[in-house]
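Peer 1: Sharing query-v3.cif, mmCIF, C-alpha atoms (C1' of nucleotides):
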data_model
loop_
_atom_site.label_atom_id
_atom_site.label_comp_id
_atom_site.auth_asym_id
_atom_site.auth_seq_id
_atom_site.Cartn_x
_atom_site.Cartn_y
_atom_site.Cartn_z
CA MET Q 1333 122.35 -57.68 -71.37
CA ARG Q 1334 124.86 -58.81 -73.99
CA ILE Q 1335 123.76 -60.95 -76.92
CA ALA Q 1336 125.91 -62.08 -79.85
CA THR Q 1337 126.03 -64.20 -82.98
CA TRP Q 1338 129.00 -66.23 -84.23
CA ASN Q 1339 129.49 -68.73 -87.03
CA VAL Q 1340 132.07 -70.92 -85.30
CA ASN Q 1341 132.84 -73.30 -88.21
CA SER Q 1342 132.70 -76.46 -86.06
CA ILE Q 1343 131.85 -76.18 -82.39
CA THR Q 1344 134.15 -79.11 -81.66
CA ALA Q 1345 137.19 -77.52 -83.29
CA ARG Q 1346 136.32 -74.13 -81.77
CA LEU Q 1347 135.42 -75.24 -78.23
CA PRO Q 1348 138.54 -73.92 -76.44
CA ARG Q 1349 138.23 -70.53 -78.11
CA LEU Q 1350 134.46 -70.50 -77.63
CA LEU Q 1351 134.69 -71.12 -73.89
CA ALA Q 1352 137.43 -68.52 -73.51
CA TRP Q 1353 135.46 -65.97 -75.51
CA LEU Q 1354 132.22 -66.50 -73.59
CA GLU Q 1355 134.11 -65.78 -70.38
CA SER Q 1356 136.15 -62.83 -71.64
CA SER Q 1357 133.25 -61.16 -73.44
CA GLY Q 1358 130.65 -61.71 -70.72
CA THR Q 1359 128.04 -62.70 -73.32
CA ASP Q 1360 124.65 -63.67 -71.89
CA VAL Q 1361 123.18 -65.27 -75.00
CA LEU Q 1362 125.16 -66.51 -78.02
CA CYS Q 1363 123.62 -67.59 -81.30
CA VAL Q 1364 125.91 -70.20 -82.89
CA GLN Q 1365 126.02 -71.39 -86.48
CA GLU Q 1366 127.84 -74.19 -88.30
CA THR Q 1367 128.23 -76.47 -85.31
CA LYS Q 1368 129.14 -79.26 -87.76
CA SER Q 1369 128.11 -81.74 -85.11
CA THR Q 1370 125.35 -84.12 -84.19
CA GLU Q 1371 123.33 -83.26 -81.10
CA GLU Q 1372 125.16 -86.13 -79.36
CA GLN Q 1373 128.55 -84.61 -80.22
CA PHE Q 1374 127.47 -81.14 -79.07
CA PRO Q 1375 129.53 -80.10 -75.98
CA ALA Q 1376 126.53 -79.33 -73.80
CA GLU Q 1377 128.23 -80.51 -70.61
CA GLU Q 1378 131.27 -78.26 -71.07
CA LEU Q 1379 128.98 -75.32 -71.76
CA ARG Q 1380 126.79 -76.15 -68.78
CA ALA Q 1381 129.89 -76.16 -66.58
CA ALA Q 1382 130.59 -72.65 -67.90
CA GLY Q 1383 127.07 -71.60 -66.93
CA TYR Q 1384 125.25 -71.88 -70.27
CA GLU Q 1385 122.19 -73.89 -71.21
CA SER Q 1386 122.06 -75.05 -74.83
CA ALA Q 1387 119.27 -75.35 -77.38
CA VAL Q 1388 120.64 -77.33 -80.32
CA ASN Q 1389 119.41 -78.17 -83.80
CA ALA Q 1390 122.16 -80.24 -85.44
CA THR Q 1391 122.41 -83.51 -87.37
CA GLY Q 1392 126.00 -84.07 -88.45
CA ARG Q 1393 128.94 -82.73 -90.41
CA TRP Q 1394 127.07 -79.93 -92.21
CA ASN Q 1395 125.16 -76.93 -90.88
CA GLY Q 1396 123.89 -77.05 -87.28
CA VAL Q 1397 122.79 -74.14 -85.07
CA ALA Q 1398 122.44 -73.49 -81.36
CA LEU Q 1399 121.47 -70.95 -78.73
CA LEU Q 1400 123.62 -70.72 -75.60
CA SER Q 1401 122.10 -68.81 -72.69
CA ARG Q 1402 122.94 -68.04 -69.09
CA VAL Q 1403 119.73 -66.00 -68.59
CA GLY Q 1404 117.13 -68.68 -69.23
CA LEU Q 1405 116.11 -70.82 -72.19
CA GLU Q 1406 112.41 -71.46 -72.76
CA ASP Q 1407 109.97 -72.32 -75.54
CA VAL Q 1408 112.61 -73.82 -77.84
CA VAL Q 1409 111.61 -74.33 -81.49
CA LYS Q 1410 113.89 -76.42 -83.72
CA GLY Q 1411 113.71 -75.51 -87.38
CA LEU Q 1412 111.38 -73.29 -89.39
CA PRO Q 1413 107.85 -74.73 -89.14
CA GLU Q 1414 107.27 -74.28 -92.89
CA GLY Q 1415 110.92 -74.60 -93.88
CA PRO Q 1416 111.78 -76.01 -97.32
CA GLU Q 1417 113.72 -79.21 -97.92
CA TYR Q 1418 116.90 -79.48 -99.98
CA ASP Q 1419 117.47 -82.76 -101.79
CA GLY Q 1420 114.70 -84.31 -99.71
CA VAL Q 1421 116.23 -83.26 -96.38
CA THR Q 1422 115.15 -80.66 -93.84
CA GLU Q 1423 118.52 -79.23 -92.82
CA PRO Q 1424 119.25 -77.93 -89.29
CA ARG Q 1425 119.52 -74.21 -89.94
CA ALA Q 1426 117.33 -72.52 -87.33
CA VAL Q 1427 116.56 -72.67 -83.65
CA GLY Q 1428 114.47 -70.23 -81.63
CA ALA Q 1429 114.06 -69.67 -77.90
CA THR Q 1430 113.09 -67.16 -75.24
CA CYS Q 1431 116.07 -66.05 -73.14
CA GLY Q 1432 114.93 -63.92 -70.23
CA PRO Q 1433 113.30 -60.78 -71.64
CA VAL Q 1434 114.11 -61.44 -75.30
CA ARG Q 1435 113.06 -63.95 -77.92
CA LEU Q 1436 115.76 -64.90 -80.44
CA TRP Q 1437 116.37 -67.07 -83.48
CA SER Q 1438 119.81 -68.36 -84.45
CA VAL Q 1439 119.87 -68.95 -88.22
CA TYR Q 1440 122.26 -70.28 -90.83
CA VAL Q 1441 120.85 -69.26 -94.21
CA PRO Q 1442 121.73 -71.58 -97.14
CA ASN Q 1443 124.76 -70.46 -99.14
CA GLY Q 1444 123.17 -70.69 -102.60
CA ARG Q 1445 126.41 -71.85 -104.23
CA GLU Q 1446 125.81 -70.29 -107.68
CA VAL Q 1447 123.11 -68.09 -109.13
CA GLY Q 1448 120.69 -70.42 -110.91
CA HIS Q 1449 121.72 -73.48 -108.87
CA ASP Q 1450 118.99 -75.45 -107.10
CA HIS Q 1451 120.66 -74.34 -103.86
CA TYR Q 1452 120.13 -70.69 -104.83
CA ALA Q 1453 116.38 -71.19 -105.32
CA TYR Q 1454 116.35 -73.07 -102.02
CA LYS Q 1455 118.08 -70.12 -100.35
CA LEU Q 1456 115.35 -67.73 -101.50
CA ARG Q 1457 112.58 -70.12 -100.43
CA TRP Q 1458 114.29 -70.56 -97.07
CA LEU Q 1459 114.45 -66.79 -96.50
CA ASP Q 1460 110.75 -66.48 -97.30
CA ALA Q 1461 109.95 -69.26 -94.81
CA LEU Q 1462 112.02 -67.38 -92.23
CA ARG Q 1463 110.01 -64.22 -92.93
CA LYS Q 1464 106.72 -66.04 -92.37
CA THR Q 1465 108.03 -67.70 -89.21
CA VAL Q 1466 109.11 -64.46 -87.51
CA ALA Q 1467 106.37 -62.09 -88.76
CA ASP Q 1468 104.28 -62.14 -85.57
CA ASP Q 1469 107.27 -61.69 -83.23
CA ALA Q 1470 108.71 -58.97 -85.49
CA ALA Q 1471 105.50 -56.97 -85.16
CA GLY Q 1472 105.17 -57.67 -81.44
CA SER Q 1473 106.13 -55.57 -78.42
CA ARG Q 1474 108.52 -58.09 -76.83
CA PRO Q 1475 112.20 -57.51 -77.77
CA PHE Q 1476 112.90 -59.91 -80.62
CA ALA Q 1477 115.70 -60.55 -83.09
CA VAL Q 1478 116.92 -62.95 -85.74
CA LEU Q 1479 120.68 -63.32 -85.54
CA GLY Q 1480 122.98 -65.39 -87.67
CA ASP Q 1481 124.90 -66.03 -90.83
CA PHE Q 1482 122.53 -64.72 -93.51
CA ASN Q 1483 124.92 -65.39 -96.39
CA VAL Q 1484 123.79 -62.12 -97.98
CA ALA Q 1485 125.66 -58.81 -98.00
CA PRO Q 1486 122.85 -56.24 -97.57
CA THR Q 1487 124.57 -53.37 -99.42
CA ASP Q 1488 127.44 -52.82 -101.83
CA ASP Q 1489 129.49 -51.44 -98.92
CA ASP Q 1490 129.24 -54.83 -97.23
CA VAL Q 1491 131.78 -56.49 -99.53
CA TRP Q 1492 135.45 -55.57 -99.83
CA ASP Q 1493 135.45 -55.24 -103.64
CA LEU Q 1494 132.17 -55.30 -105.52
CA SER Q 1495 133.95 -56.07 -108.80
CA ARG Q 1496 134.92 -59.45 -107.36
CA PHE Q 1497 131.26 -60.36 -106.91
CA VAL Q 1498 129.93 -59.83 -110.42
CA GLY Q 1499 127.56 -62.69 -111.14
CA ALA Q 1500 128.11 -64.19 -107.70
CA THR Q 1501 125.71 -65.07 -104.93
CA HIS Q 1502 125.41 -63.01 -101.73
CA VAL Q 1503 124.91 -59.69 -103.55
CA THR Q 1504 122.10 -60.31 -106.06
CA PRO Q 1505 118.93 -58.18 -106.17
CA ASP Q 1506 116.79 -61.22 -105.35
CA GLU Q 1507 118.78 -62.06 -102.23
CA ARG Q 1508 118.72 -58.44 -101.10
CA ALA Q 1509 114.99 -58.25 -101.81
CA ALA Q 1510 114.49 -61.24 -99.51
CA LEU Q 1511 116.24 -59.30 -96.73
CA ALA Q 1512 114.16 -56.22 -97.51
CA ALA Q 1513 110.99 -58.32 -97.20
CA LEU Q 1514 112.21 -59.47 -93.80
CA ARG Q 1515 112.79 -55.87 -92.71
CA ALA Q 1516 109.33 -54.96 -94.01
CA GLU Q 1517 107.86 -57.23 -91.31
CA GLY Q 1518 109.22 -54.76 -88.75
CA LEU Q 1519 112.89 -55.69 -88.38
CA THR Q 1520 115.85 -53.31 -88.40
CA ASP Q 1521 119.41 -54.17 -89.42
CA VAL Q 1522 121.41 -53.47 -86.25
CA VAL Q 1523 124.67 -52.48 -87.94
CA PRO Q 1524 127.71 -52.99 -85.70
CA ARG Q 1525 130.65 -50.64 -85.56
CA PRO Q 1526 133.99 -51.94 -86.80
CA LEU Q 1527 136.85 -52.14 -84.31
CA LYS Q 1528 139.31 -51.31 -87.09
CA TYR Q 1529 139.09 -49.91 -90.65
CA ASP Q 1530 135.87 -48.30 -91.83
CA ARG Q 1531 133.52 -51.21 -92.48
CA PRO Q 1532 132.13 -53.78 -90.03
CA TYR Q 1533 132.96 -56.96 -91.92
CA THR Q 1534 132.14 -60.19 -90.13
CA TYR Q 1535 133.67 -62.80 -92.47
CA TRP Q 1536 137.05 -63.11 -94.15
CA ASP Q 1537 138.01 -66.09 -96.34
CA TYR Q 1538 140.74 -68.30 -94.91
CA ARG Q 1539 142.41 -68.31 -98.31
CA GLU Q 1540 144.63 -65.70 -99.93
CA LEU Q 1541 145.32 -63.78 -96.72
CA GLY Q 1542 141.75 -62.52 -96.63
CA PHE Q 1543 141.91 -61.30 -93.05
CA PRO Q 1544 145.32 -59.57 -93.11
CA LYS Q 1545 144.26 -57.76 -96.28
CA ASN Q 1546 140.81 -56.99 -94.82
CA ARG Q 1547 139.08 -58.62 -97.78
CA GLY Q 1548 135.87 -59.18 -95.88
CA MET Q 1549 132.11 -59.27 -96.07
CA ARG Q 1550 129.32 -58.30 -93.67
CA ILE Q 1551 127.03 -61.31 -93.84
CA ASP Q 1552 126.46 -62.06 -90.14
CA LEU Q 1553 123.49 -59.90 -89.25
CA VAL Q 1554 121.25 -58.91 -86.36
CA TYR Q 1555 117.68 -58.12 -87.40
CA GLY Q 1556 115.78 -56.73 -84.42
CA ASN Q 1557 112.22 -55.56 -83.99
CA ALA Q 1558 111.44 -52.03 -82.76
CA ALA Q 1559 111.55 -52.98 -79.09
CA LEU Q 1560 114.97 -54.60 -79.42
CA ALA Q 1561 116.49 -52.08 -81.85
CA GLY Q 1562 115.38 -49.28 -79.56
CA ALA Q 1563 117.18 -50.91 -76.63
CA VAL Q 1564 120.57 -51.20 -78.39
CA LYS Q 1565 123.31 -49.42 -76.43
CA ASP Q 1566 126.27 -50.59 -78.48
CA SER Q 1567 127.16 -53.11 -81.19
CA TYR Q 1568 130.51 -54.13 -82.63
CA VAL Q 1569 132.34 -56.84 -84.54
CA ASP Q 1570 134.90 -58.55 -82.33
CA ARG Q 1571 137.54 -58.88 -85.06
CA GLU Q 1572 140.13 -59.83 -82.42
CA GLU Q 1573 138.50 -63.27 -82.40
CA ARG Q 1574 139.34 -63.72 -86.11
CA LYS Q 1575 143.05 -63.52 -85.30
CA GLY Q 1576 145.55 -66.25 -84.64
CA LYS Q 1577 145.71 -70.01 -84.83
CA GLY Q 1578 142.45 -71.88 -84.55
CA ALA Q 1579 140.15 -68.99 -85.51
CA SER Q 1580 136.81 -69.36 -87.26
CA ASP Q 1581 136.55 -67.55 -90.58
CA HIS Q 1582 133.74 -65.47 -89.02
CA ALA Q 1583 134.01 -63.00 -86.13
CA PRO Q 1584 131.36 -62.58 -83.42
CA VAL Q 1585 128.87 -59.71 -83.69
CA VAL Q 1586 128.09 -58.35 -80.24
CA VAL Q 1587 125.00 -56.33 -79.25
CA ASP Q 1588 124.51 -54.67 -75.87
CA LEU Q 1589 120.90 -54.13 -74.84
CA ASP Q 1590 119.27 -52.08 -72.13
CA VAL Q 1591 116.46 -54.53 -71.39
"C1'" DA L 803 157.96 -64.17 -100.68
"C1'" DT L 804 153.81 -62.36 -106.71
"C1'" DG L 805 152.00 -67.48 -103.01
"C1'" DG L 806 148.82 -68.08 -99.64
"C1'" DC L 807 142.68 -72.26 -96.07
"C1'" DC L 808 139.87 -75.25 -92.83
"C1'" DT L 809 136.65 -78.95 -91.38
"C1'" DG L 810 134.98 -83.75 -90.77
"C1'" DA L 811 134.15 -87.96 -92.95
"C1'" DT L 812 133.72 -91.06 -97.32
"C1'" DC L 813 139.88 -90.37 -94.17
"C1'" DT L 814 146.22 -89.54 -98.10
"C1'" DT L 815 140.96 -87.32 -100.99
"C1'" DC L 816 136.78 -85.06 -101.09
"C1'" DA L 817 132.66 -81.82 -100.59
"C1'" DG L 818 131.40 -77.61 -98.91
"C1'" DG L 819 132.21 -73.15 -97.56
"C1'" DA L 820 131.23 -67.77 -99.89
#
Output the file's structure as structure tokens, nothing else.
Peer 2:
Amino acid sequence: MRIATWNVNSITARLPRLLAWLESSGTDVLCVQETKSTEEQFPAEELRAAGYESAVNATGRWNGVALLSRVGLEDVVKGLPEGPEYDGVTEPRAVGATCGPVRLWSVYVPNGREVGHDHYAYKLRWLDALRKTVADDAAGSRPFAVLGDFNVAPTDDDVWDLSRFVGATHVTPDERAALAALRAEGLTDVVPRPLKYDRPYTYWDYRELGFPKNRGMRIDLVYGNAALAGAVKDSYVDREERKGKGASDHAPVVVDLDV
DNA sequence: ATGGCCTGATCTTCAGGA
């Protein structure tokens, strides 16, 4: 079984590439982030024609997440039950479902903007709400994972030049502690192998030739419980999908499971 | 070549991304 996560940066703009990639990669379940769509705009019919059911949590031009599955889609939960609001709004950043033998969450963790910003405090509260939401499944015996754009680089090796991130979000001790607390519930960081160079970056800024210069970050993560992590046969970053015209600024992270 | 982005909506300008 092949599962994957991909921040597509607009599912409408990415639809041709998304459909082509689903077919070429043979992915069974894809966790999608940044749909930048309403649920009405979401291309569920096109995906259904390609063989995928959709579970969508999306409200408009910002955020938006989905689960696409061709192996079943049951017990859908939209949003974190105890998730915090930002500016009085509960943003669409999480959706969970059971897809055949595995239960998965697709998440888009808040960016944080700047250390000390209200959005940064919101990011930390959001990660704690995620931890509480997944604790039971993380400790359970059914294969389970949280996949998505975590907007945190877990280690110093997960950014292309640490000196460029002094004082910035994504690398602070508090953000990394929030990931550690998530792992402490029983989740393992399933680190993919890079297809090129030595580090498995998943995001490269559109600006300043970030991708050609391999100025990347590993912020799209797969956190699996023991049953899922133990079933991993392979995992890689499909950097080929970051190439060319009409690419997202994130590449898919693929995980092959023997389940 | 010493610069260099992309998206959708508020739409020729902006917020947000990280």
Peer 1: For the PyMOL selection byres ((chain L and resi 805) around 10), applied here, can you spell out every residue it catches as a PyMOL selection string?
Peer 2: (chain Q and resi 1540-1541) or (chain L and resi 803-804+806)
Peer 1: Using all atoms listed in the file, select each residue of chain L with any atom at most 8 Å away from an atom of chain Q, and give the selection as a list in words.
Peer 2: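 Using all atoms listed in the file, chain L residues at most 8 Å from chain Q: DG806, DC807, DC808, DT809, DG810, DA811 and DA820 of chain L.
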Peer 1: Which value, in Å to one decimal, gives the distance between atom CA of Q:Glu1572 and atom CA of Q:Tyr1533?
Peer 2: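 That distance, rounded to one decimal, is 12.2 Å.
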Peer 1: Give me the residues near Q:Gly1411 as number ranges by chain, where near means some atom within 7 Å (using only C-alpha atoms (C1' of nucleotides)) and where sequence neighbours in that chain fewer than 2 positions away do not count.
Peer 2: Q: 1409, 1413, 1424-1427
Peer 1: Separation of atom CA of Q:Val1585 and atom CA of Q:Arg1402, in Å?
Peer 2: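 Atom CA of Q:Arg1402 lies 17.8 Å from atom CA of Q:Val1585.
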Peer 1: One number please: atom CA of Q:Val1403 to atom CA of Q:Val1434, in Å, one decimal.
Peer 2: 9.9 Å
